[in-house]
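For reference, final36.cif is printed below; it contains mmCIF, N, CA and C atoms.
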```cif
data_start
#
loop_
_atom_site.label_atom_id
_atom_site.label_comp_id
_atom_site.auth_asym_id
_atom_site.auth_seq_id
_atom_site.Cartn_x
_atom_site.Cartn_y
_atom_site.Cartn_z
N MET H 107 101.02 98.35 100.30
CA MET H 107 101.19 96.92 100.25
C MET H 107 100.07 96.34 99.39
N LEU H 108 100.42 95.51 98.48
CA LEU H 108 99.42 94.77 97.72
C LEU H 108 99.91 93.33 97.69
N LEU H 109 99.17 92.52 98.32
CA LEU H 109 99.52 91.12 98.34
C LEU H 109 98.30 90.33 98.72
N LEU H 110 98.42 89.06 98.66
CA LEU H 110 97.30 88.20 98.99
C LEU H 110 96.83 88.40 100.43
N TRP H 111 97.69 88.86 101.28
CA TRP H 111 97.43 88.94 102.71
C TRP H 111 96.88 90.30 103.14
N SER H 112 97.06 91.31 102.34
CA SER H 112 96.62 92.66 102.69
C SER H 112 96.14 93.35 101.42
N ARG H 113 94.83 93.45 101.26
CA ARG H 113 94.27 93.91 100.00
C ARG H 113 93.67 95.31 100.08
N ASP H 114 94.00 96.08 101.11
CA ASP H 114 93.37 97.37 101.32
C ASP H 114 93.61 98.38 100.21
N VAL H 115 94.68 98.25 99.43
CA VAL H 115 94.92 99.20 98.34
C VAL H 115 93.89 99.07 97.22
N GLU H 116 93.14 97.99 97.23
CA GLU H 116 92.10 97.82 96.22
C GLU H 116 90.90 98.72 96.49
N ASP H 117 90.87 99.36 97.65
CA ASP H 117 89.78 100.25 98.02
C ASP H 117 90.08 101.68 97.58
N GLY H 118 90.34 101.87 96.30
CA GLY H 118 90.50 103.21 95.75
C GLY H 118 91.91 103.61 95.39
N ILE H 119 92.89 103.09 96.07
CA ILE H 119 94.27 103.51 95.80
C ILE H 119 94.71 103.09 94.41
N LEU H 120 94.50 101.83 94.05
CA LEU H 120 94.91 101.38 92.72
C LEU H 120 94.17 102.13 91.63
N GLU H 121 92.88 102.34 91.83
CA GLU H 121 92.09 103.07 90.84
C GLU H 121 92.63 104.48 90.65
N THR H 122 92.97 105.14 91.73
CA THR H 122 93.53 106.49 91.66
C THR H 122 94.87 106.48 90.94
N CYS H 123 95.72 105.53 91.28
CA CYS H 123 97.02 105.42 90.59
C CYS H 123 96.81 105.25 89.09
N ARG H 124 95.89 104.38 88.74
CA ARG H 124 95.63 104.12 87.32
C ARG H 124 95.04 105.35 86.63
N ASP H 125 94.15 106.04 87.30
CA ASP H 125 93.57 107.27 86.73
C ASP H 125 94.64 108.31 86.46
N LEU H 126 95.64 108.35 87.32
CA LEU H 126 96.72 109.34 87.19
C LEU H 126 97.91 108.82 86.38
N GLY H 127 97.84 107.57 85.93
CA GLY H 127 98.94 107.00 85.15
C GLY H 127 100.18 106.71 85.98
N ILE H 128 99.97 106.38 87.23
CA ILE H 128 101.09 106.12 88.15
C ILE H 128 101.18 104.61 88.40
N ALA H 129 102.38 104.08 88.27
CA ALA H 129 102.59 102.67 88.59
C ALA H 129 102.51 102.48 90.11
N PHE H 130 102.18 101.28 90.52
CA PHE H 130 102.08 100.96 91.94
C PHE H 130 103.16 99.95 92.29
N VAL H 131 103.90 100.21 93.35
CA VAL H 131 104.95 99.30 93.80
C VAL H 131 104.46 98.59 95.07
N ALA H 132 104.31 97.29 94.96
CA ALA H 132 103.84 96.48 96.08
C ALA H 132 105.06 96.07 96.92
N TYR H 133 105.11 96.60 98.12
CA TYR H 133 106.21 96.20 99.00
C TYR H 133 105.76 95.03 99.86
N SER H 134 106.68 94.26 100.27
CA SER H 134 106.43 93.09 101.11
C SER H 134 105.39 92.14 100.50
N PRO H 135 105.56 91.79 99.22
CA PRO H 135 104.57 90.91 98.58
C PRO H 135 104.58 89.49 99.13
N LEU H 136 105.57 89.16 99.93
CA LEU H 136 105.62 87.84 100.55
C LEU H 136 105.17 87.89 102.01
N GLY H 137 104.53 89.00 102.38
CA GLY H 137 104.00 89.11 103.74
C GLY H 137 105.07 88.98 104.81
N ARG H 138 106.22 89.63 104.57
CA ARG H 138 107.33 89.56 105.53
C ARG H 138 107.76 88.13 105.77
N GLY H 139 107.62 87.29 104.73
CA GLY H 139 108.03 85.90 104.81
C GLY H 139 106.91 84.93 105.13
N PHE H 140 105.80 85.45 105.64
CA PHE H 140 104.71 84.58 106.06
C PHE H 140 104.13 83.77 104.90
N LEU H 141 103.94 84.40 103.75
CA LEU H 141 103.30 83.71 102.62
C LEU H 141 104.17 82.65 101.98
N THR H 142 105.42 82.57 102.38
CA THR H 142 106.31 81.53 101.85
C THR H 142 106.13 80.21 102.57
N GLY H 143 105.40 80.24 103.68
CA GLY H 143 105.22 79.04 104.49
C GLY H 143 106.37 78.79 105.45
N ALA H 144 107.32 79.69 105.49
CA ALA H 144 108.50 79.51 106.33
C ALA H 144 108.29 79.90 107.79
N ILE H 145 107.12 80.47 108.11
CA ILE H 145 106.88 80.92 109.48
C ILE H 145 105.58 80.28 109.98
N PRO H 146 105.64 79.02 110.36
CA PRO H 146 104.42 78.34 110.82
C PRO H 146 103.98 78.78 112.21
N ASN H 147 104.93 79.33 112.99
CA ASN H 147 104.62 79.77 114.35
C ASN H 147 105.69 80.75 114.80
N ARG H 148 105.46 81.38 115.93
CA ARG H 148 106.42 82.38 116.44
C ARG H 148 107.78 81.78 116.76
N GLU H 149 107.80 80.50 117.10
CA GLU H 149 109.08 79.86 117.42
C GLU H 149 110.00 79.81 116.20
N ALA H 150 109.46 79.95 115.01
CA ALA H 150 110.28 79.96 113.80
C ALA H 150 111.05 81.27 113.64
N LEU H 151 110.68 82.27 114.41
CA LEU H 151 111.35 83.56 114.37
C LEU H 151 112.43 83.63 115.45
N ASP H 152 113.55 84.26 115.13
CA ASP H 152 114.60 84.46 116.13
C ASP H 152 114.04 85.28 117.29
N ALA H 153 114.61 85.12 118.44
CA ALA H 153 114.14 85.81 119.65
C ALA H 153 114.16 87.33 119.49
N ASN H 154 115.10 87.85 118.70
CA ASN H 154 115.21 89.30 118.52
C ASN H 154 114.59 89.78 117.20
N ASP H 155 113.84 88.94 116.52
CA ASP H 155 113.20 89.30 115.25
C ASP H 155 112.09 90.32 115.51
N TRP H 156 112.10 91.44 114.80
CA TRP H 156 111.12 92.51 115.00
C TRP H 156 109.68 92.05 114.72
N ARG H 157 109.52 91.01 113.91
CA ARG H 157 108.17 90.53 113.61
C ARG H 157 107.46 89.98 114.85
N ARG H 158 108.21 89.62 115.87
CA ARG H 158 107.59 89.15 117.12
C ARG H 158 106.74 90.25 117.77
N ASP H 159 107.04 91.50 117.44
CA ASP H 159 106.27 92.63 117.97
C ASP H 159 105.16 93.08 117.02
N ASN H 160 105.05 92.45 115.88
CA ASN H 160 104.03 92.79 114.89
C ASN H 160 102.78 91.95 115.15
N PRO H 161 101.62 92.59 115.27
CA PRO H 161 100.39 91.83 115.55
C PRO H 161 100.09 90.73 114.54
N ARG H 162 100.53 90.89 113.30
CA ARG H 162 100.30 89.85 112.30
C ARG H 162 101.04 88.56 112.61
N PHE H 163 102.03 88.64 113.47
CA PHE H 163 102.83 87.47 113.82
C PHE H 163 102.56 87.00 115.25
N SER H 164 101.43 87.41 115.80
CA SER H 164 101.05 86.90 117.11
C SER H 164 100.64 85.43 116.93
N ASP H 165 100.64 84.70 118.02
CA ASP H 165 100.24 83.29 117.94
C ASP H 165 98.84 83.15 117.35
N GLU H 166 97.93 84.01 117.80
CA GLU H 166 96.54 83.94 117.33
C GLU H 166 96.44 84.24 115.83
N ALA H 167 97.13 85.29 115.38
CA ALA H 167 97.07 85.65 113.96
C ALA H 167 97.70 84.56 113.09
N LEU H 168 98.82 84.03 113.52
CA LEU H 168 99.47 82.97 112.74
C LEU H 168 98.58 81.74 112.64
N ALA H 169 97.92 81.41 113.73
CA ALA H 169 97.03 80.24 113.72
C ALA H 169 95.85 80.46 112.77
N LYS H 170 95.27 81.66 112.81
CA LYS H 170 94.14 81.96 111.93
C LYS H 170 94.55 81.97 110.45
N ASN H 171 95.74 82.45 110.18
CA ASN H 171 96.19 82.58 108.80
C ASN H 171 96.84 81.31 108.25
N ALA H 172 97.03 80.31 109.08
CA ALA H 172 97.65 79.06 108.63
C ALA H 172 96.84 78.43 107.50
N ARG H 173 95.53 78.56 107.53
CA ARG H 173 94.68 78.01 106.45
C ARG H 173 94.99 78.67 105.12
N PHE H 174 95.29 79.96 105.19
CA PHE H 174 95.61 80.72 103.99
C PHE H 174 96.91 80.22 103.36
N VAL H 175 97.90 79.97 104.20
CA VAL H 175 99.17 79.45 103.70
C VAL H 175 98.97 78.05 103.10
N GLU H 176 98.11 77.26 103.70
CA GLU H 176 97.81 75.93 103.15
C GLU H 176 97.21 76.04 101.76
N LEU H 177 96.33 77.00 101.56
CA LEU H 177 95.74 77.22 100.24
C LEU H 177 96.81 77.59 99.22
N ILE H 178 97.70 78.49 99.60
CA ILE H 178 98.81 78.87 98.71
C ILE H 178 99.68 77.66 98.43
N ARG H 179 99.95 76.85 99.45
CA ARG H 179 100.76 75.65 99.29
C ARG H 179 100.11 74.68 98.30
N ASP H 180 98.79 74.51 98.40
CA ASP H 180 98.07 73.63 97.48
C ASP H 180 98.14 74.14 96.04
N ILE H 181 97.97 75.43 95.86
CA ILE H 181 98.06 76.02 94.52
C ILE H 181 99.47 75.84 93.98
N ALA H 182 100.46 76.09 94.82
CA ALA H 182 101.86 75.94 94.40
C ALA H 182 102.14 74.50 93.95
N ALA H 183 101.63 73.53 94.69
CA ALA H 183 101.85 72.13 94.33
C ALA H 183 101.24 71.82 92.97
N ARG H 184 100.04 72.34 92.72
CA ARG H 184 99.38 72.10 91.42
C ARG H 184 100.13 72.77 90.27
N LYS H 185 100.76 73.90 90.56
CA LYS H 185 101.45 74.67 89.52
C LYS H 185 102.92 74.26 89.37
N GLY H 186 103.41 73.42 90.26
CA GLY H 186 104.83 73.07 90.22
C GLY H 186 105.70 74.26 90.58
N ALA H 187 105.21 75.05 91.53
CA ALA H 187 105.90 76.28 91.94
C ALA H 187 106.06 76.28 93.46
N THR H 188 106.70 77.30 93.97
CA THR H 188 106.82 77.47 95.42
C THR H 188 105.73 78.44 95.89
N GLU H 189 105.52 78.46 97.19
CA GLU H 189 104.56 79.39 97.76
C GLU H 189 104.92 80.83 97.42
N ALA H 190 106.21 81.15 97.51
CA ALA H 190 106.67 82.50 97.20
C ALA H 190 106.36 82.85 95.75
N GLN H 191 106.60 81.93 94.86
CA GLN H 191 106.33 82.20 93.44
C GLN H 191 104.85 82.44 93.19
N VAL H 192 103.99 81.69 93.86
CA VAL H 192 102.54 81.89 93.70
C VAL H 192 102.14 83.27 94.21
N ALA H 193 102.63 83.65 95.38
CA ALA H 193 102.29 84.95 95.95
C ALA H 193 102.76 86.08 95.04
N LEU H 194 103.98 85.98 94.54
CA LEU H 194 104.51 87.01 93.64
C LEU H 194 103.76 87.01 92.31
N ALA H 195 103.48 85.85 91.77
CA ALA H 195 102.76 85.76 90.50
C ALA H 195 101.38 86.40 90.61
N TRP H 196 100.72 86.20 91.75
CA TRP H 196 99.40 86.80 91.93
C TRP H 196 99.49 88.33 91.88
N VAL H 197 100.47 88.89 92.56
CA VAL H 197 100.63 90.35 92.54
C VAL H 197 100.91 90.82 91.12
N LEU H 198 101.83 90.16 90.45
CA LEU H 198 102.19 90.56 89.08
C LEU H 198 101.02 90.44 88.12
N ALA H 199 100.11 89.51 88.37
CA ALA H 199 98.96 89.31 87.49
C ALA H 199 97.89 90.39 87.67
N GLN H 200 98.06 91.26 88.64
CA GLN H 200 97.05 92.30 88.89
C GLN H 200 97.13 93.46 87.90
N GLY H 201 98.18 93.49 87.10
CA GLY H 201 98.28 94.53 86.07
C GLY H 201 99.71 94.83 85.71
N GLU H 202 99.89 95.32 84.48
CA GLU H 202 101.23 95.66 84.01
C GLU H 202 101.79 96.90 84.69
N ASP H 203 100.95 97.60 85.44
CA ASP H 203 101.36 98.81 86.14
C ASP H 203 101.69 98.54 87.61
N ILE H 204 101.81 97.27 87.96
CA ILE H 204 102.11 96.89 89.34
C ILE H 204 103.45 96.15 89.38
N PHE H 205 104.28 96.56 90.29
CA PHE H 205 105.61 95.98 90.44
C PHE H 205 105.79 95.52 91.89
N THR H 206 106.72 94.63 92.12
CA THR H 206 106.95 94.11 93.47
C THR H 206 108.35 94.41 93.97
N ILE H 207 108.48 94.43 95.28
CA ILE H 207 109.78 94.52 95.94
C ILE H 207 109.87 93.36 96.92
N PRO H 208 110.23 92.18 96.43
CA PRO H 208 110.42 91.07 97.37
C PRO H 208 111.83 91.13 97.95
N GLY H 209 111.91 91.36 99.23
CA GLY H 209 113.22 91.42 99.86
C GLY H 209 113.84 90.03 99.95
N THR H 210 115.14 89.97 99.78
CA THR H 210 115.84 88.70 99.90
C THR H 210 117.27 88.95 100.33
N ARG H 211 117.82 87.98 101.00
CA ARG H 211 119.22 88.06 101.44
C ARG H 211 120.07 87.00 100.77
N ARG H 212 119.44 86.08 100.07
CA ARG H 212 120.18 84.96 99.48
C ARG H 212 119.93 84.86 97.98
N ILE H 213 120.96 84.53 97.25
CA ILE H 213 120.87 84.43 95.80
C ILE H 213 119.87 83.35 95.38
N GLU H 214 119.79 82.25 96.14
CA GLU H 214 118.84 81.20 95.77
C GLU H 214 117.40 81.68 95.90
N ARG H 215 117.13 82.58 96.84
CA ARG H 215 115.78 83.14 96.98
C ARG H 215 115.50 84.12 95.83
N LEU H 216 116.51 84.85 95.41
CA LEU H 216 116.35 85.74 94.26
C LEU H 216 115.99 84.94 93.02
N LYS H 217 116.69 83.85 92.81
CA LYS H 217 116.39 82.98 91.67
C LYS H 217 114.98 82.40 91.78
N GLU H 218 114.61 81.99 92.98
CA GLU H 218 113.25 81.48 93.20
C GLU H 218 112.21 82.55 92.87
N ASN H 219 112.44 83.77 93.37
CA ASN H 219 111.51 84.87 93.10
C ASN H 219 111.36 85.14 91.61
N LEU H 220 112.45 85.08 90.88
CA LEU H 220 112.39 85.31 89.43
C LEU H 220 111.53 84.28 88.73
N GLY H 221 111.42 83.08 89.32
CA GLY H 221 110.59 82.03 88.74
C GLY H 221 109.11 82.36 88.77
N ALA H 222 108.72 83.40 89.51
CA ALA H 222 107.31 83.80 89.57
C ALA H 222 106.81 84.25 88.19
N TRP H 223 107.70 84.73 87.35
CA TRP H 223 107.28 85.17 86.02
C TRP H 223 106.73 84.03 85.17
N LYS H 224 107.10 82.81 85.51
CA LYS H 224 106.65 81.64 84.75
C LYS H 224 105.33 81.07 85.25
N VAL H 225 104.87 81.51 86.41
CA VAL H 225 103.66 80.96 87.02
C VAL H 225 102.43 81.67 86.44
N GLN H 226 101.51 80.89 85.95
CA GLN H 226 100.25 81.43 85.40
C GLN H 226 99.15 81.30 86.41
#
```
As structure tokens, the full file:
Amino acid sequence: MLLLWSRDVEDGILETCRDLGIAFVAYSPLGRGFLTGAIPNREALDANDWRRDNPRFSDEALAKNARFVELIRDIAARKGATEAQVALAWVLAQGEDIFTIPGTRRIERLKENLGAWKVQ
């Protein structure tokens, strides 16, 4: 995972990939939806949503990370972009050898995600 929310691959993994000439695929670059601003609290998740069992989506974690989403929201407003586009653009800006897999179920979200290429 390489995203604004989880940067552990920067501790040697990316360097190793680059040394070996291997591209890196960042999965879940939208933080399982969290970085889009669509999950302000656990109540925003369906009762049977698997994220309710993920520690990153505990009430405490969501409250602590709310400031981070606000920062992304502020940057998005200045750029005329969405939170998702900012998060994806950040990952893409980390190098030409890094690719993303933003999951989506709706065509409008796919179109939104593609707009990340325009965000500087």
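Here atom C of H:Glu149 and atom C of H:Ala182 stand 24.2 Å from one another.
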Please give the complete set of residues from chain H that DSSP, run on the backbone, assigns to alpha helix (DSSP H), formatted as a ChimeraX atom specification.
/H:119-126,165-185,189-198,213-220
Please measure the separation of atom C of H:Ala129 and atom C of H:Gln226, giving the value in Å to one decimal.
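We find that atom C of H:Ala129 and atom C of H:Gln226 lie 21.8 Å from each other.
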To one decimal in Å, tell me the separation between atom CA of H:Thr142 and atom CA of H:Leu198.
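A separation of 16.2 Å between them.
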Can you spell out as an mmCIF file with N, CA and C atoms, in the frame of the given file the set of residues that the PyMOL selection byres ((chain H and resi 191) around 6.5) selects in the structure I just provided?
```cif
data_model
loop_
_atom_site.group_PDB
_atom_site.id
_atom_site.type_symbol
_atom_site.label_atom_id
_atom_site.label_comp_id
_atom_site.auth_asym_id
_atom_site.auth_seq_id
_atom_site.Cartn_x
_atom_site.Cartn_y
_atom_site.Cartn_z
ATOM 1 N N ALA H 187 105.210 75.050 91.530
ATOM 2 C CA ALA H 187 105.900 76.280 91.940
ATOM 3 C C ALA H 187 106.060 76.280 93.460
ATOM 4 N N THR H 188 106.700 77.300 93.970
ATOM 5 C CA THR H 188 106.820 77.470 95.420
ATOM 6 C C THR H 188 105.730 78.440 95.890
ATOM 7 N N GLU H 189 105.520 78.460 97.190
ATOM 8 C CA GLU H 189 104.560 79.390 97.760
ATOM 9 C C GLU H 189 104.920 80.830 97.420
ATOM 10 N N ALA H 190 106.210 81.150 97.510
ATOM 11 C CA ALA H 190 106.670 82.500 97.200
ATOM 12 C C ALA H 190 106.360 82.850 95.750
ATOM 13 N N VAL H 192 103.990 81.690 93.860
ATOM 14 C CA VAL H 192 102.540 81.890 93.700
ATOM 15 C C VAL H 192 102.140 83.270 94.210
ATOM 16 N N ALA H 193 102.630 83.650 95.380
ATOM 17 C CA ALA H 193 102.290 84.950 95.950
ATOM 18 C C ALA H 193 102.760 86.080 95.040
ATOM 19 N N LEU H 194 103.980 85.980 94.540
ATOM 20 C CA LEU H 194 104.510 87.010 93.640
ATOM 21 C C LEU H 194 103.760 87.010 92.310
ATOM 22 N N ALA H 195 103.480 85.850 91.770
ATOM 23 C CA ALA H 195 102.760 85.760 90.500
ATOM 24 C C ALA H 195 101.380 86.400 90.610
ATOM 25 N N TRP H 196 100.720 86.200 91.750
ATOM 26 C CA TRP H 196 99.400 86.800 91.930
ATOM 27 C C TRP H 196 99.490 88.330 91.880
ATOM 28 N N GLU H 218 114.610 81.990 92.980
ATOM 29 C CA GLU H 218 113.250 81.480 93.200
ATOM 30 C C GLU H 218 112.210 82.550 92.870
ATOM 31 N N ASN H 219 112.440 83.770 93.370
ATOM 32 C CA ASN H 219 111.510 84.870 93.100
ATOM 33 C C ASN H 219 111.360 85.140 91.610
ATOM 34 N N GLY H 221 111.420 83.080 89.320
ATOM 35 C CA GLY H 221 110.590 82.030 88.740
ATOM 36 C C GLY H 221 109.110 82.360 88.770
ATOM 37 N N ALA H 222 108.720 83.400 89.510
ATOM 38 C CA ALA H 222 107.310 83.800 89.570
ATOM 39 C C ALA H 222 106.810 84.250 88.190
ATOM 40 N N VAL H 225 104.870 81.510 86.410
ATOM 41 C CA VAL H 225 103.660 80.960 87.020
ATOM 42 C C VAL H 225 102.430 81.670 86.440
#
```
Show which residues sit within 7 Å of stretch 166-177 of chain H, as a list in words. Count only N, CA and C atoms, and ignore same-chain residues fewer than 3 positions away.
Phe140, Leu141, Gly143, Pro146, Asn147, Arg148, Pro161, Arg162, Phe163, Asp180, Ile181 and Ala182 of chain H
Could you please write out, as a VMD selection string, every residue of chain H that DSSP assigns to strand (DSSP E or B)?
chain H and resid 109 112 130 to 133 204 to 207
Residue nearest H:Asp165 among H:Ile128, H:Ile178, H:Ile145, H:Ile207 (counting only C-alpha atoms)
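Closest to H:Asp165, using only C-alpha atoms: H:Ile145.
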